[in-house]
$ cat target.txt   # compact mmCIF, C-alpha atoms (C1' of nucleotides)
# COMPACT_ATOMS: atom_id res chain seq x y z
CA MET A 1 0.00 0.00 0.00
CA THR A 2 1.01 3.62 -0.03
CA GLU A 3 2.82 4.93 2.99
CA ALA A 4 0.45 5.40 5.91
CA ALA A 5 2.93 8.03 7.07
CA PRO A 6 1.65 11.30 8.56
CA THR A 7 1.49 12.71 4.99
CA ARG A 8 2.61 16.21 5.67
CA PRO A 9 -0.31 18.60 5.36
CA ARG A 10 -0.94 19.99 1.94
CA ARG A 11 -1.28 23.67 1.37
CA SER A 12 -4.66 23.10 -0.27
CA ASP A 13 -6.29 21.47 2.71
CA ALA A 14 -8.34 24.58 3.41
CA THR A 15 -9.73 24.53 -0.12
CA ARG A 16 -10.52 20.85 0.11
CA ALA A 17 -12.42 21.42 3.34
CA ALA A 18 -14.31 24.37 1.86
CA ILE A 19 -15.35 22.25 -1.10
CA LEU A 20 -16.52 19.47 1.19
CA ARG A 21 -18.53 21.82 3.36
CA ALA A 22 -20.18 23.43 0.34
CA ALA A 23 -20.86 20.02 -1.18
CA ARG A 24 -22.61 18.76 1.95
CA GLU A 25 -24.77 21.87 2.01
CA ARG A 26 -25.78 21.70 -1.64
CA PHE A 27 -26.33 17.93 -1.63
CA ALA A 28 -28.44 18.24 1.50
CA ALA A 29 -30.54 21.06 0.11
CA ASP A 30 -30.96 19.91 -3.48
CA GLY A 31 -30.13 16.22 -3.78
CA TYR A 32 -27.54 14.70 -6.08
CA GLU A 33 -28.74 15.74 -9.53
CA ARG A 34 -29.81 19.29 -8.74
CA ALA A 35 -26.65 20.05 -6.77
CA THR A 36 -24.34 21.13 -9.60
CA ILE A 37 -20.59 21.20 -9.37
CA ARG A 38 -20.73 24.79 -10.52
CA ALA A 39 -22.99 25.76 -7.63
CA ILE A 40 -20.83 23.90 -5.12
CA ALA A 41 -17.70 25.59 -6.47
CA ALA A 42 -19.38 29.00 -6.32
CA GLU A 43 -20.35 28.47 -2.71
CA ALA A 44 -16.79 27.43 -1.90
CA ARG A 45 -15.48 30.48 -3.80
CA ILE A 46 -13.27 28.50 -6.14
CA ASP A 47 -13.27 27.29 -9.73
CA PRO A 48 -15.30 24.22 -10.72
CA SER A 49 -12.19 22.63 -12.17
CA MET A 50 -10.65 22.46 -8.70
CA VAL A 51 -13.42 20.13 -7.62
CA MET A 52 -12.49 17.79 -10.41
CA ARG A 53 -8.80 17.96 -9.60
CA TYR A 54 -9.26 17.15 -5.93
CA TYR A 55 -12.15 14.68 -6.07
CA GLY A 56 -11.93 13.28 -9.58
CA SER A 57 -15.60 13.44 -10.47
CA LYS A 58 -18.99 14.35 -9.09
CA GLU A 59 -19.48 10.82 -7.83
CA GLY A 60 -16.11 10.96 -6.11
CA LEU A 61 -17.04 14.22 -4.46
CA PHE A 62 -20.29 12.77 -3.20
CA ALA A 63 -18.52 9.70 -1.89
CA ALA A 64 -16.25 11.95 0.13
CA ALA A 65 -19.05 14.26 1.27
CA ALA A 66 -21.28 11.40 2.37
CA GLU A 67 -18.68 9.73 4.54
CA PHE A 68 -20.89 9.08 7.45
CA ASP A 69 -20.65 7.72 10.95
CA LEU A 70 -23.78 7.18 13.01
CA ARG A 71 -21.58 7.54 16.12
CA LEU A 72 -23.66 4.99 17.93
CA PRO A 73 -22.90 4.94 21.66
CA GLU A 74 -21.94 1.76 23.42
CA LEU A 75 -25.25 -0.02 23.95
CA THR A 76 -24.04 -2.76 26.26
CA ASP A 77 -23.59 -0.62 29.37
CA VAL A 78 -27.07 0.87 29.53
CA PRO A 79 -30.12 -0.66 31.20
CA PRO A 80 -31.71 -2.86 28.53
CA GLU A 81 -35.13 -1.37 29.11
CA ARG A 82 -33.89 2.12 28.19
CA LEU A 83 -32.29 1.21 24.88
CA GLY A 84 -35.14 2.60 22.80
CA GLU A 85 -35.12 5.95 24.53
CA LEU A 86 -31.35 6.22 24.26
CA LEU A 87 -31.32 5.45 20.56
CA VAL A 88 -34.09 7.84 19.55
CA ARG A 89 -32.58 10.63 21.60
CA HIS A 90 -29.17 9.95 20.10
CA PHE A 91 -30.36 10.11 16.51
CA LEU A 92 -32.34 13.30 17.02
CA ASP A 93 -29.40 14.97 18.75
CA ARG A 94 -27.08 13.78 16.03
CA TRP A 95 -29.14 14.96 13.09
CA GLU A 96 -30.58 18.15 14.42
CA ASN A 97 -27.27 19.91 13.74
CA ASP A 98 -25.68 17.84 10.98
CA GLU A 99 -27.33 17.89 7.60
CA THR A 100 -25.23 15.08 6.20
CA MET A 101 -28.04 12.68 6.97
CA ALA A 102 -30.55 14.73 5.01
CA ALA A 103 -28.09 14.87 2.12
CA LEU A 104 -27.60 11.13 2.15
CA LEU A 105 -31.33 10.46 2.38
CA ARG A 106 -32.21 12.89 -0.41
CA THR A 107 -29.55 11.42 -2.65
CA ALA A 108 -30.16 7.77 -1.82
CA ALA A 109 -33.70 8.17 -3.11
CA THR A 110 -32.46 8.49 -6.69
CA ASN A 111 -28.75 7.62 -6.76
CA PRO A 112 -27.94 3.88 -6.68
CA ALA A 113 -24.48 4.40 -5.21
CA ALA A 114 -25.90 6.45 -2.35
CA ALA A 115 -28.59 3.83 -1.75
CA GLU A 116 -25.89 1.18 -1.59
CA ARG A 117 -24.00 3.23 0.96
CA MET A 118 -27.17 3.60 2.99
CA ARG A 119 -27.61 -0.16 2.96
CA GLY A 120 -24.02 -0.55 4.08
CA ILE A 121 -24.44 1.85 6.99
CA CYS A 122 -27.56 0.07 8.18
CA ALA A 123 -26.03 -3.38 7.83
CA ASP A 124 -22.64 -2.53 9.34
CA GLN A 125 -23.05 0.20 11.95
CA LEU A 126 -26.67 -0.31 12.98
CA GLY A 127 -26.66 -4.05 12.32
CA THR A 128 -23.73 -4.86 14.58
CA ALA A 129 -24.93 -2.56 17.33
CA VAL A 130 -28.34 -4.22 17.32
CA ALA A 131 -26.80 -7.68 17.22
CA ARG A 132 -25.10 -6.94 20.49
CA VAL A 133 -28.31 -6.23 22.37
CA ALA A 134 -30.85 -8.41 20.58
CA PRO A 135 -32.02 -11.36 22.67
CA ASP A 136 -31.92 -13.69 19.66
CA PRO A 137 -28.88 -13.40 17.34
CA ALA A 138 -30.71 -15.04 14.46
CA GLN A 139 -33.37 -12.31 14.46
CA ALA A 140 -30.90 -9.45 14.79
CA PRO A 141 -30.95 -8.39 11.11
CA ARG A 142 -34.72 -8.28 11.08
CA ARG A 143 -34.76 -6.22 14.25
CA ALA A 144 -32.19 -3.84 12.78
CA GLY A 145 -34.29 -3.47 9.64
CA LEU A 146 -37.38 -2.61 11.67
CA VAL A 147 -35.42 -0.06 13.70
CA ALA A 148 -34.17 1.45 10.44
CA SER A 149 -37.70 1.67 9.05
CA GLN A 150 -38.85 3.77 12.00
CA ILE A 151 -35.71 5.86 12.45
CA LEU A 152 -35.30 6.63 8.77
CA GLY A 153 -39.03 7.29 8.53
CA LEU A 154 -38.62 9.82 11.29
CA ALA A 155 -35.68 11.45 9.51
CA LEU A 156 -37.59 11.46 6.23
CA THR A 157 -40.75 13.07 7.57
CA ARG A 158 -38.93 15.56 9.82
CA TYR A 159 -35.94 16.70 7.78
CA VAL A 160 -36.76 15.95 4.14
CA LEU A 161 -40.53 16.06 3.68
CA ARG A 162 -41.02 18.36 6.66
CA LEU A 163 -44.49 17.13 7.54
CA PRO A 164 -45.64 19.84 9.92
CA PRO A 165 -46.75 17.62 12.83
CA VAL A 166 -43.37 15.86 12.85
CA ALA A 167 -41.12 18.73 11.79
CA ASP A 168 -42.53 21.13 14.37
CA ALA A 169 -42.71 18.67 17.23
CA ASP A 170 -40.52 19.03 20.29
CA PRO A 171 -37.67 16.48 20.26
CA ALA A 172 -38.56 15.30 23.76
CA GLU A 173 -42.12 14.61 22.65
CA LEU A 174 -40.92 12.58 19.68
CA VAL A 175 -38.65 10.59 21.95
CA ALA A 176 -41.56 9.80 24.26
CA TRP A 177 -43.68 8.51 21.39
CA VAL A 178 -41.08 6.70 19.31
CA ALA A 179 -38.84 5.21 22.01
CA PRO A 180 -41.29 2.42 22.93
CA THR A 181 -41.45 1.43 19.26
CA ILE A 182 -37.68 1.08 19.01
CA GLN A 183 -37.60 -0.69 22.34
CA ARG A 184 -40.03 -3.33 21.08
CA TYR A 185 -38.20 -3.75 17.77
CA LEU A 186 -34.95 -4.28 19.72
CA ARG A 187 -36.08 -6.58 22.52
CA GLY A 188 -39.78 -7.37 22.21
CA THR A 189 -41.94 -9.70 20.17
CA PRO A 190 -44.31 -8.95 17.29
CA ALA A 191 -47.52 -9.86 19.08
CA ALA A 192 -47.04 -8.01 22.39
CA MET B 1 -66.17 27.90 -15.05
CA THR B 2 -65.99 25.79 -18.17
CA GLU B 3 -68.74 23.30 -18.80
CA ALA B 4 -68.43 20.32 -16.47
CA ALA B 5 -70.27 18.40 -19.18
CA PRO B 6 -69.29 14.78 -19.96
CA THR B 7 -66.61 16.15 -22.35
CA ARG B 8 -66.93 13.69 -25.16
CA PRO B 9 -63.94 11.39 -25.22
CA ARG B 10 -61.02 12.62 -27.26
CA ARG B 11 -59.40 10.45 -29.85
CA SER B 12 -56.04 10.90 -28.18
CA ASP B 13 -57.06 9.41 -24.86
CA ALA B 14 -55.10 6.25 -25.57
CA THR B 15 -51.94 8.26 -26.14
CA ARG B 16 -52.50 10.29 -23.02
CA ALA B 17 -52.88 7.12 -21.00
CA ALA B 18 -49.75 5.59 -22.54
CA ILE B 19 -47.78 8.69 -21.65
CA LEU B 20 -49.07 8.59 -18.10
CA ARG B 21 -48.22 4.92 -17.68
CA ALA B 22 -44.71 5.41 -19.04
CA ALA B 23 -44.24 8.50 -16.89
CA ARG B 24 -45.20 6.64 -13.72
CA GLU B 25 -42.76 3.87 -14.58
CA ARG B 26 -39.83 6.17 -15.31
CA PHE B 27 -40.50 8.49 -12.38
CA ALA B 28 -40.73 5.48 -10.06
CA ALA B 29 -37.53 3.92 -11.34
CA ASP B 30 -35.38 7.02 -11.74
CA GLY B 31 -36.88 9.90 -9.77
CA TYR B 32 -37.83 13.27 -11.18
CA GLU B 33 -34.54 14.60 -12.54
CA ARG B 34 -33.22 11.40 -14.10
CA ALA B 35 -36.52 10.52 -15.72
CA THR B 36 -36.21 12.44 -18.99
CA ILE B 37 -39.13 13.39 -21.18
CA ARG B 38 -37.35 11.74 -24.08
CA ALA B 39 -37.15 8.42 -22.22
CA ILE B 40 -40.80 8.63 -21.20
CA ALA B 41 -41.83 9.41 -24.77
CA ALA B 42 -39.74 6.54 -26.11
CA GLU B 43 -41.35 4.10 -23.68
CA ALA B 44 -44.79 5.37 -24.74
CA ARG B 45 -43.76 5.06 -28.43
CA ILE B 46 -44.52 8.66 -29.28
CA ASP B 47 -42.70 11.90 -29.88
CA PRO B 48 -41.42 13.98 -26.96
CA SER B 49 -43.30 17.00 -28.22
CA MET B 50 -46.61 15.22 -27.62
CA VAL B 51 -45.84 15.16 -23.94
CA MET B 52 -45.49 18.91 -23.99
CA ARG B 53 -48.68 19.38 -25.97
CA TYR B 54 -50.80 17.27 -23.64
CA TYR B 55 -49.25 18.09 -20.28
CA GLY B 56 -47.65 21.48 -20.85
CA SER B 57 -44.35 20.83 -19.13
CA LYS B 58 -42.42 18.23 -17.22
CA GLU B 59 -43.83 19.53 -13.94
CA GLY B 60 -47.33 19.31 -15.36
CA LEU B 61 -46.72 15.74 -16.42
CA PHE B 62 -45.50 14.81 -13.00
CA ALA B 63 -48.46 16.49 -11.36
CA ALA B 64 -50.74 14.34 -13.49
CA ALA B 65 -48.71 11.17 -12.96
CA ALA B 66 -48.55 11.57 -9.21
CA GLU B 67 -52.27 11.96 -8.74
CA PHE B 68 -52.58 9.67 -5.82
CA ASP B 69 -55.29 8.21 -3.65
CA LEU B 70 -54.37 6.21 -0.58
CA ARG B 71 -57.77 4.49 -0.90
CA LEU B 72 -58.06 4.30 2.83
CA PRO B 73 -60.88 1.98 3.91
CA GLU B 74 -63.62 3.12 6.24
CA LEU B 75 -62.00 2.94 9.66
CA THR B 76 -65.09 3.51 11.76
CA ASP B 77 -66.66 0.08 11.22
CA VAL B 78 -63.73 -2.04 12.37
CA PRO B 79 -62.95 -3.08 15.94
CA PRO B 80 -60.80 -0.25 17.35
CA GLU B 81 -58.16 -2.66 18.60
CA ARG B 82 -57.50 -3.96 15.08
CA LEU B 83 -56.96 -0.59 13.42
CA GLY B 84 -53.17 -0.93 13.32
CA GLU B 85 -53.25 -4.33 11.70
CA LEU B 86 -55.80 -3.20 9.14
CA LEU B 87 -53.83 -0.11 8.17
CA VAL B 88 -50.46 -1.80 7.77
CA ARG B 89 -51.98 -4.63 5.76
CA HIS B 90 -53.81 -2.13 3.57
CA PHE B 91 -50.72 -0.09 2.75
CA LEU B 92 -48.61 -3.13 1.94
CA ASP B 93 -51.35 -4.57 -0.29
CA ARG B 94 -51.79 -1.22 -1.95
CA TRP B 95 -48.14 -0.54 -2.70
CA GLU B 96 -46.94 -4.02 -3.52
CA ASN B 97 -48.49 -3.70 -6.98
CA ASP B 98 -48.59 0.04 -7.61
CA GLU B 99 -45.32 1.83 -8.02
CA THR B 100 -46.87 5.29 -7.89
CA MET B 101 -45.95 5.47 -4.23
CA ALA B 102 -42.31 4.72 -4.93
CA ALA B 103 -42.34 7.35 -7.66
CA LEU B 104 -43.81 9.96 -5.36
CA LEU B 105 -41.39 9.13 -2.57
CA ARG B 106 -38.34 9.18 -4.86
CA THR B 107 -39.39 12.50 -6.32
CA ALA B 108 -40.53 14.14 -3.10
CA ALA B 109 -37.00 13.72 -1.78
CA THR B 110 -35.66 16.33 -4.19
CA ASN B 111 -38.62 18.09 -5.82
CA PRO B 112 -40.36 20.74 -3.71
CA ALA B 113 -43.68 20.42 -5.55
CA ALA B 114 -43.74 16.68 -4.95
CA ALA B 115 -42.89 17.17 -1.30
CA GLU B 116 -45.76 19.62 -1.02
CA ARG B 117 -48.11 17.08 -2.55
CA MET B 118 -46.86 14.47 -0.09
CA ARG B 119 -47.64 16.85 2.77
CA GLY B 120 -51.09 17.42 1.32
CA ILE B 121 -51.82 13.70 1.09
CA CYS B 122 -50.76 13.11 4.67
CA ALA B 123 -52.70 16.07 5.99
CA ASP B 124 -55.87 15.48 3.98
CA GLN B 125 -56.33 11.77 3.39
CA LEU B 126 -54.42 10.31 6.32
CA GLY B 127 -55.14 13.22 8.64
CA THR B 128 -58.91 13.08 8.32
CA ALA B 129 -59.01 9.30 8.58
CA VAL B 130 -56.96 9.39 11.76
CA ALA B 131 -59.05 12.19 13.20
CA ARG B 132 -62.08 9.96 12.96
CA VAL B 133 -60.63 7.22 15.18
CA ALA B 134 -58.30 9.15 17.48
CA PRO B 135 -59.55 9.29 21.06
CA ASP B 136 -58.52 12.94 21.40
CA PRO B 137 -59.29 15.26 18.45
CA ALA B 138 -56.68 17.79 19.51
CA GLN B 139 -53.91 15.20 19.24
CA ALA B 140 -55.09 13.82 15.89
CA PRO B 141 -52.52 15.66 13.71
CA ARG B 142 -49.67 14.48 15.90
CA ARG B 143 -50.95 10.91 15.76
CA ALA B 144 -51.24 11.14 11.99
CA GLY B 145 -47.69 12.42 11.74
CA LEU B 146 -46.36 9.54 13.81
CA VAL B 147 -48.28 7.05 11.68
CA ALA B 148 -46.81 8.66 8.59
CA SER B 149 -43.28 8.44 9.99
CA GLN B 150 -43.58 4.68 10.42
CA ILE B 151 -45.58 3.92 7.28
CA LEU B 152 -43.42 6.09 5.02
CA GLY B 153 -40.31 4.70 6.70
CA LEU B 154 -41.53 1.24 5.81
CA ALA B 155 -42.15 2.27 2.20
CA LEU B 156 -38.76 3.97 2.03
CA THR B 157 -36.75 1.03 3.35
CA ARG B 158 -38.71 -1.61 1.45
CA TYR B 159 -39.36 -0.07 -1.97
CA VAL B 160 -36.80 2.70 -2.40
CA LEU B 161 -33.68 1.84 -0.41
CA ARG B 162 -34.43 -1.90 -0.51
CA LEU B 163 -32.75 -2.71 2.78
CA PRO B 164 -32.51 -6.50 2.56
CA PRO B 165 -34.10 -7.37 5.94
CA VAL B 166 -37.14 -5.22 5.12
CA ALA B 167 -37.32 -5.70 1.36
CA ASP B 168 -37.12 -9.51 1.58
CA ALA B 169 -39.45 -9.90 4.54
CA ASP B 170 -42.79 -11.60 4.20
CA PRO B 171 -45.65 -9.05 4.24
CA ALA B 172 -47.45 -10.96 6.99
CA GLU B 173 -44.35 -10.78 9.15
CA LEU B 174 -44.05 -7.05 8.66
CA VAL B 175 -47.70 -6.64 9.59
CA ALA B 176 -47.16 -8.59 12.80
CA TRP B 177 -44.25 -6.36 13.82
CA VAL B 178 -45.46 -2.96 12.68
CA ALA B 179 -49.20 -3.19 13.43
CA PRO B 180 -48.74 -2.71 17.21
CA THR B 181 -46.72 0.43 16.51
CA ILE B 182 -49.46 1.97 14.40
CA GLN B 183 -52.06 0.84 16.90
CA ARG B 184 -50.27 2.73 19.67
CA TYR B 185 -49.77 5.84 17.55
CA LEU B 186 -53.51 5.81 16.75
CA ARG B 187 -55.03 5.05 20.13
CA GLY B 188 -52.35 4.70 22.79
CA THR B 189 -50.21 6.99 24.87
CA PRO B 190 -46.49 7.79 24.64
CA ALA B 191 -45.49 6.21 27.93
CA ALA B 192 -47.28 2.88 27.68
C1' DC C 1 -67.02 16.02 -50.47
C1' DT C 2 -64.68 19.52 -48.04
C1' DG C 3 -62.44 22.38 -44.80
C1' DG C 4 -60.95 23.02 -40.27
C1' DA C 5 -59.45 20.97 -36.14
C1' DA C 6 -57.05 17.31 -33.87
C1' DT C 7 -53.09 14.33 -33.88
C1' DG C 8 -48.46 13.12 -34.79
C1' DT C 9 -43.43 13.78 -36.76
C1' DC C 10 -39.16 16.19 -37.48
C1' DA C 11 -35.58 19.32 -36.72
C1' DA C 12 -33.76 22.69 -34.12
C1' DC C 13 -32.89 26.06 -30.33
C1' DA C 14 -30.97 27.86 -26.05
C1' DA C 15 -29.45 26.58 -21.73
C1' DC C 16 -27.05 23.84 -18.74
C1' DC C 17 -24.23 20.03 -17.34
C1' DG C 18 -19.71 17.41 -16.16
C1' DT C 19 -15.35 17.42 -17.65
C1' DT C 20 -10.78 18.70 -19.84
C1' DG C 21 -6.49 21.02 -21.10
C1' DG C 22 -3.74 25.08 -21.18
C1' DC C 23 -1.81 28.86 -18.86
C1' DA C 24 -0.53 32.03 -15.02
C1' DT C 25 1.09 32.40 -10.38
C1' DA C 26 3.01 31.34 -5.84
C1' DC C 27 5.21 28.26 -2.98
C1' DG C 28 9.23 25.66 -0.94
C1' DG C 29 13.19 22.62 -0.95
C1' DT C 30 17.99 22.85 -2.55
C1' DA D 1 18.55 32.54 -6.51
C1' DC D 2 16.61 28.76 -8.96
C1' DC D 3 13.43 25.39 -10.61
C1' DG D 4 10.08 21.74 -10.11
C1' DT D 5 5.62 21.46 -8.37
C1' DA D 6 1.37 22.58 -6.33
C1' DT D 7 -2.45 25.64 -6.68
C1' DG D 8 -5.75 28.34 -9.07
C1' DC D 9 -8.31 30.52 -13.07
C1' DC D 10 -10.10 30.66 -17.76
C1' DA D 11 -12.14 29.08 -21.88
C1' DA D 12 -13.94 25.61 -24.23
C1' DC D 13 -15.75 20.93 -25.69
C1' DG D 14 -19.25 17.35 -26.29
C1' DG D 15 -23.42 15.82 -24.69
C1' DT D 16 -28.05 16.09 -22.78
C1' DT D 17 -32.14 18.46 -21.43
C1' DG D 18 -36.74 20.86 -21.69
C1' DT D 19 -39.06 23.22 -24.94
C1' DT D 20 -40.69 25.26 -29.42
C1' DG D 21 -42.35 25.93 -34.07
C1' DA D 22 -43.16 24.39 -38.69
C1' DC D 23 -44.85 20.83 -41.37
C1' DA D 24 -47.41 16.34 -42.53
C1' DT D 25 -51.28 13.38 -41.73
C1' DT D 26 -55.73 11.79 -40.03
C1' DC D 27 -60.23 12.43 -38.37
C1' DC D 28 -64.93 14.14 -38.40
C1' DA D 29 -68.72 17.51 -38.64
C1' DG D 30 -71.20 20.27 -42.12

$ encode --input "target.txt" --output "structure tokens"
Amino acid sequence: MTEAAPTRPRRSDATRAAILRAARERFAADGYERATIRAIAAEARIDPSMVMRYYGSKEGLFAAAAEFDLRLPELTDVPPERLGELLVRHFLDRWENDETMAALLRTAATNPAAAERMRGICADQLGTAVARVAPDPAQAPRRAGLVASQILGLALTRYVLRLPPVADADPAELVAWVAPTIQRYLRGTPAA
Amino acid sequence: MTEAAPTRPRRSDATRAAILRAARERFAADGYERATIRAIAAEARIDPSMVMRYYGSKEGLFAAAAEFDLRLPELTDVPPERLGELLVRHFLDRWENDETMAALLRTAATNPAAAERMRGICADQLGTAVARVAPDPAQAPRRAGLVASQILGLALTRYVLRLPPVADADPAELVAWVAPTIQRYLRGTPAA
DNA sequence: CTGGAATGTCAACAACCGTTGGCATACGGT
DNA sequence: ACCGTATGCCAACGGTTGTTGACATTCCAG
């Protein structure tokens, strides 16, 4: 492989960061197709050709801008009956001030590569976290899928579609309503 | 207003219908931006300019193609404790064979007009249906929003993102897991 | 039968997109 | 001080898109 050495900082790091910040903003606001490289470059106050030089292509730029970590907390040291509450609160906190999630969701709706990344995030990050607290390892993927359906549905209605009852609701109120759902998907049974 | 008379059928109705069918298919598969008028016209075996003549613009075509009725059943004559099950089963049945929902969801993620229509559907069709069975009229909009977050999340993960655990699951199994969630959003309380 | 309206085809326009290569400038090690 | 290299801007290319107008054809009422 190439040297993993500390790769002395390049002089253009500031530009790269500006491009990335602008890209996240435009992708989040407009989705993949409507977010043009020209608009991103304008917002970053540089020439469109710089984007190509540093990220190769629009797809490459998106891949870099959508690098995404759910930052799931350690689930094993919390009381099992409070897992649902913890998770819902965590996601709301996480996304209220980081629009990367909205960008990824908007783009994944139409861009196959983004959808694949979304599947990867759910399977890897969420999947393994759920597997650690699910009572039945064999059912863990299904439980993770159900959790994703509710959590992503919440993100979709609140941040992308902005359905008034969900978008205007107080976070604490959403937690109170949704936490029991997640709790049951994680540890409960279908019937009960 | 213009005569609401039975407007004798035009000779071009077949073409109009073909365009609409092709448009639904392309919008569902590709989303608004990637679904080009040329591709839609090709699939309908006609000239792109016909689309413009009959629907005015691409936005007009989408507005016609996304005309959407949830076809919610009458909720007042079913046992109140089975409302959740009924609703989840209905939506899965409805969407398993009609890709209009996937088209609307894909497009609403990036197109403001489609998002507005989505809000309208939730507020009007779902909102009024929920208001009729909610125990507390004042809380009806919130309950409808929560139902939407779970139902749309299910549609998103199953039909758009195609998360394997959700996309491959048996409909009956999904009903068993999700119905209690909807039931609680409709008639229950946050805590319990 | 006839003339006007409805239907359909063809070619083109203007705008925008991602992407490329050339050229100027400023940096930084030697 | 020098020179290779990194950084940045500019102009342009080829392709695609929504949209338009002119022209051909078919239908149908009178």

$ atom_distance --input "target.txt" --atom1 "atom CA of Ala66 of chain A" --atom2 "atom CA of Arg24 of chain A"
7.5 Å

$ interface_residues --input "target.txt" --of "chain B" --to "chain D" --cutoff "9 Å" --atoms "only C-alpha atoms (C1' of nucleotides)" --output "list in words"
Arg11, Thr36, Ile37, Arg38, Ser49, Met52, Ser57 and Lys58 of chain B

$ interface_residues --input "target.txt" --of "chain C" --to "chain A" --cutoff "9 Å" --atoms "only C-alpha atoms (C1' of nucleotides)" --output "list in words"
DC17, DG18, DT19 and DT20 of chain C

$ residues_around --input "target.txt" --residues "segment 156-160 of chain B" --least-positions-apart "4" --cutoff "10 Å" --atoms "all atoms listed in the file" --output "VMD selection string"
(chain A and resid 105 108 to 110 112 115 118 to 119 145 to 146 148 to 150 152 to 153 156) or (chain B and resid 28 to 29 95 to 96 99 101 to 103 105 to 106 150 to 152 164 to 169)

$ axis_aligned_box --input "target.txt" --around "segment 12-29 of chain B" --padding-each-side "6 Å" --output "lines of an AutoDock Vina configuration file"
center_x = -47.3
center_y = 7.4
center_z = -19.1
size_x = 31.5
size_y = 19.0
size_z = 30.1

$ residues_around --input "target.txt" --residues "Ala22 of chain A" --least-positions-apart "5" --cutoff "8 Å" --atoms "all atoms listed in the file" --output "PDB file with C-alpha atoms, keeping the file's coordinate frame"
ATOM      1  CA  ILE A  40     -20.830  23.900  -5.120  1.00  0.00           C
ATOM      2  CA  ALA A  41     -17.700  25.590  -6.470  1.00  0.00           C
ATOM      3  CA  GLU A  43     -20.350  28.470  -2.710  1.00  0.00           C
ATOM      4  CA  ALA A  44     -16.790  27.430  -1.900  1.00  0.00           C
TER       5      ALA A  44
END

$ closest_residue --input "target.txt" --among "B:Gln125, B:Thr107, B:Thr76, B:Gln183" --to "chain A" --atoms "all atoms listed in the file"
B:Thr107

$ atom_distance --input "target.txt" --atom1 "atom CA of Val133 of chain B" --atom2 "atom CA of Leu75 of chain B"
7.1 Å

$ atom_distance --input "target.txt" --atom1 "atom CA of Glu116 of chain B" --atom2 "atom CA of Arg94 of chain A"
26.0 Å

$ closest_residue --input "target.txt" --among "B:Ala134, B:Ala42, B:Leu20, B:Ala113" --to "chain A" --atoms "only C-alpha atoms"
B:Ala113

$ closest_residue --input "target.txt" --among "B:Tyr54, B:Thr128, B:Ala191, B:Asp170" --to "DA6 of chain C" --atoms "only C-alpha atoms (C1' of nucleotides)"
B:Tyr54

$ closest_residue --input "target.txt" --among "A:Pro190, A:Pro73, A:Gly84, A:Pro135" --to "chain B" --atoms "all atoms listed in the file"
A:Pro190

$ closest_residue --input "target.txt" --among "A:Arg26, A:His90, A:Arg82, A:Arg34" --to "chain B" --atoms "all atoms listed in the file"
A:Arg34

$ closest_residue --input "target.txt" --among "A:Leu70, A:Ala176, A:Ile19, A:Ala64" --to "chain B" --atoms "all atoms listed in the file"
A:Ala176

$ residues_near_point --input "target.txt" --point "(-34.7, -1.1, 18.3)" --cutoff "12 Å" --atoms "only C-alpha atoms (C1' of nucleotides)" --output "JSON, numbers by chain"
{"A": [75, 80, 81, 82, 83, 84, 85, 86, 87, 88, 126, 127, 129, 130, 131, 132, 133, 134, 135, 139, 140, 141, 142, 143, 144, 145, 146, 147, 148, 149, 150, 151, 178, 179, 180, 181, 182, 183, 184, 185, 186, 187, 188, 189], "B": [177]}
